[in-house]
Amino acid sequence: MYVWARLARMALTAKPRGPYRIGDEGRLTFRCLPTDIDSNMHLNNARYMMLADVGRLDIFLRSGLLGLARRNGWGPMMGGLQSVYVREIRLWRRFDVISTIETWDGTQVLGRHRFVLENGETAAIILTTAGVYDLRNRRFLEIAEVLGTLGVGARPREPDPAEQSFLASHQNLRRLAKTVK
């Protein structure tokens, strides 16, 4: 089941799973398929990123952000990510991807995708930064503005030390990318 089938399954099951609210967890269950593995017979690193995308789109869909973005000419966009793998996901094994919005600051939202084995152990974590781009006005929107438009009054929390380190590393890498020719 390649990405399109997984996306379709997520979209078709979104309504019964209910709306996503800040502070909730989005949980999707997958199985490691032959199209997902590398030469070590476990989930390859690119597939982790793709499945995190499905988890993120699930949040965007169930929170109402995708519909709002379509109506307003906005585009949710990834800024970057960092991943760590601590246990392998072997061929045919079932696992969950638990996706959350952790916090936000200005135009940047911090997300987390945790890959959890059937026994409850964490196999991998991916931290992401993302934003919402106003295509008409060519600017990133303040996340508080986006949440307000969605009718969400939640307030961000301070990033924990690991998140602060990730955000600082992300900013440094962005600076580097903008200067390297």
# chains A, B, ... in the order shown; residues from 1 in each chain; ligands from 1

$ select_by_dssp --residues "chain A" --states "strand (DSSP E)" --output "number ranges by chain"
A: 26-31, 74-85, 94-105, 108-117, 122-134, 139-140

$ closest_atom_pairs --of "stretch 41-94 of chain A" --to "stretch 141-148 of chain A" --cutoff "12 Å" --atoms "only C-alpha atoms" --output "Markdown table"
| residue | atom | partner | partner_atom | distance |
| --- | --- | --- | --- | --- |
| A:Phe60 | CA | A:Leu147 | CA | 11.6 |
| A:Ser63 | CA | A:Leu147 | CA | 9.7 |
| A:Gly64 | CA | A:Leu147 | CA | 10.1 |
| A:Leu65 | CA | A:Val146 | CA | 8.3 |
| A:Leu66 | CA | A:Val146 | CA | 11.4 |
| A:Leu68 | CA | A:Val146 | CA | 9.0 |
| A:Ala69 | CA | A:Val146 | CA | 9.3 |
| A:Asn72 | CA | A:Val146 | CA | 10.7 |
| A:Gly73 | CA | A:Leu141 | CA | 11.8 |
| A:Trp74 | CA | A:Leu141 | CA | 8.9 |
| A:Gly75 | CA | A:Leu141 | CA | 10.1 |
| A:Pro76 | CA | A:Leu141 | CA | 9.9 |
| A:Met77 | CA | A:Leu141 | CA | 11.1 |

$ closest_atom_pairs --of "stretch 15-104 of chain A" --to "stretch 2-6 of chain A" --cutoff "9 Å" --atoms "only C-alpha atoms" --output "tab-separated table"
residue	atom	partner	partner_atom	distance
A:Phe30	CA	A:Arg6	CA	8.5
A:Leu33	CA	A:Tyr2	CA	9.0
A:Thr35	CA	A:Tyr2	CA	7.3
A:Asp36	CA	A:Tyr2	CA	8.3
A:Met50	CA	A:Val3	CA	7.4
A:Leu51	CA	A:Val3	CA	8.0
A:Val54	CA	A:Arg6	CA	7.6

$ closest_residue --among "A:Arg114, A:Arg56, A:Lys181, A:Arg62" --to "A:Leu150" --atoms "only C-alpha atoms"
A:Arg62

$ residues_around --residues "A:Ala162" --least-positions-apart "5" --cutoff "10 Å" --atoms "only C-alpha atoms" --output "list in words"
Leu127, Leu167 and Ala168 of chain A

$ select_by_dssp --residues "stretch 52-151 of chain A" --states "alpha helix (DSSP H)" --output "JSON, numbers by chain"
{"A": [52, 53, 54, 55, 56, 57, 58, 59, 60, 61, 62, 63, 65, 66, 67, 68, 69, 70, 71, 72, 143, 144, 145, 146, 147, 148, 149]}

$ write_last_selection --atoms "C-alpha atoms" --output "short mmCIF file (atom, residue, chain, number, x, y, z; two decimals), in the first residue's frame"
data_model
loop_
_atom_site.label_atom_id
_atom_site.label_comp_id
_atom_site.auth_asym_id
_atom_site.auth_seq_id
_atom_site.Cartn_x
_atom_site.Cartn_y
_atom_site.Cartn_z
CA ALA A 52 4.99 11.53 9.26
CA ASP A 53 3.52 13.51 6.32
CA VAL A 54 0.38 11.35 6.48
CA GLY A 55 0.14 12.02 10.24
CA ARG A 56 0.58 15.75 9.69
CA LEU A 57 -2.06 15.81 6.94
CA ASP A 58 -4.40 13.95 9.29
CA ILE A 59 -4.02 16.78 11.82
CA PHE A 60 -4.47 19.42 9.12
CA LEU A 61 -7.61 17.70 7.81
CA ARG A 62 -9.27 16.96 11.16
CA SER A 63 -8.47 20.40 12.62
CA LEU A 65 -6.86 23.72 8.50
CA LEU A 66 -6.92 22.13 5.02
CA GLY A 67 -10.40 23.48 4.27
CA LEU A 68 -9.53 26.89 5.67
CA ALA A 69 -6.29 26.97 3.67
CA ARG A 70 -8.12 26.07 0.46
CA ARG A 71 -10.71 28.82 0.99
CA ASN A 72 -8.12 31.49 1.87
CA ILE A 143 0.24 30.75 13.88
CA ALA A 144 -1.91 32.56 16.47
CA GLU A 145 -3.75 34.23 13.56
CA VAL A 146 -4.35 30.87 11.88
CA LEU A 147 -5.58 29.31 15.12
CA GLY A 148 -7.83 32.31 15.79
CA THR A 149 -9.37 31.92 12.33
#

$ closest_residue --among "A:Ile22, A:Ala14, A:Met49, A:Met78" --to "A:Ile126" --atoms "only C-alpha atoms"
A:Met49

$ residues_around --residues "A:Gly79" --least-positions-apart "2" --cutoff "12 Å" --atoms "only C-alpha atoms" --output "mmCIF file with C-alpha atoms, in the first residue's frame"
data_model
loop_
_atom_site.group_PDB
_atom_site.id
_atom_site.type_symbol
_atom_site.label_atom_id
_atom_site.label_comp_id
_atom_site.auth_asym_id
_atom_site.auth_seq_id
_atom_site.Cartn_x
_atom_site.Cartn_y
_atom_site.Cartn_z
ATOM 1 C CA PRO A 76 0.747 24.631 4.914
ATOM 2 C CA MET A 77 4.498 24.198 4.314
ATOM 3 C CA LEU A 81 12.739 18.136 10.417
ATOM 4 C CA GLN A 82 15.037 16.098 12.581
ATOM 5 C CA THR A 107 5.027 31.902 12.110
ATOM 6 C CA GLN A 108 6.457 28.529 13.112
ATOM 7 C CA VAL A 109 4.684 25.518 14.572
ATOM 8 C CA LEU A 110 6.555 22.618 16.140
ATOM 9 C CA GLY A 111 5.213 19.124 15.522
ATOM 10 C CA LEU A 127 10.388 16.757 15.163
ATOM 11 C CA THR A 128 9.164 19.155 12.490
ATOM 12 C CA THR A 129 8.777 22.845 11.912
ATOM 13 C CA ALA A 130 6.075 24.099 9.603
ATOM 14 C CA GLY A 131 4.196 27.241 8.754
ATOM 15 C CA VAL A 132 1.168 28.443 6.841
ATOM 16 C CA TYR A 133 1.996 30.490 3.763
ATOM 17 C CA PHE A 140 3.954 33.337 6.323
ATOM 18 C CA LEU A 167 14.753 24.892 16.779
ATOM 19 C CA HIS A 170 17.055 24.368 12.422
ATOM 20 C CA GLN A 171 17.644 28.132 12.362
ATOM 21 C CA LEU A 173 20.938 25.226 9.102
ATOM 22 C CA ARG A 174 18.498 27.630 7.395
#

$ atom_distance --atom1 "atom CA of A:Trp104" --atom2 "atom CA of A:Arg157"
7.7 Å

$ residues_around --residues "A:Arg31" --least-positions-apart "3" --cutoff "6 Å" --atoms "only C-alpha atoms" --output "count of residues only"
3

$ residues_around --residues "A:Asp160" --least-positions-apart "6" --cutoff "10 Å" --atoms "only C-alpha atoms" --output "list of chain:residue names"
A:Glu102, A:Thr103, A:Phe166

$ closest_residue --among "A:Gly106, A:Lys178, A:Val152, A:Leu43" --to "A:Ala123" --atoms "only C-alpha atoms"
A:Leu43

$ residues_around --residues "A:Glu25" --least-positions-apart "4" --cutoff "9 Å" --atoms "only C-alpha atoms" --output "list in words"
Tyr20, Arg21, Ile59, Ile98, Ser99, Thr100 and Ile101 of chain A

$ atom_distance --atom1 "atom CA of A:Leu7" --atom2 "atom CA of A:Tyr85"
23.3 Å
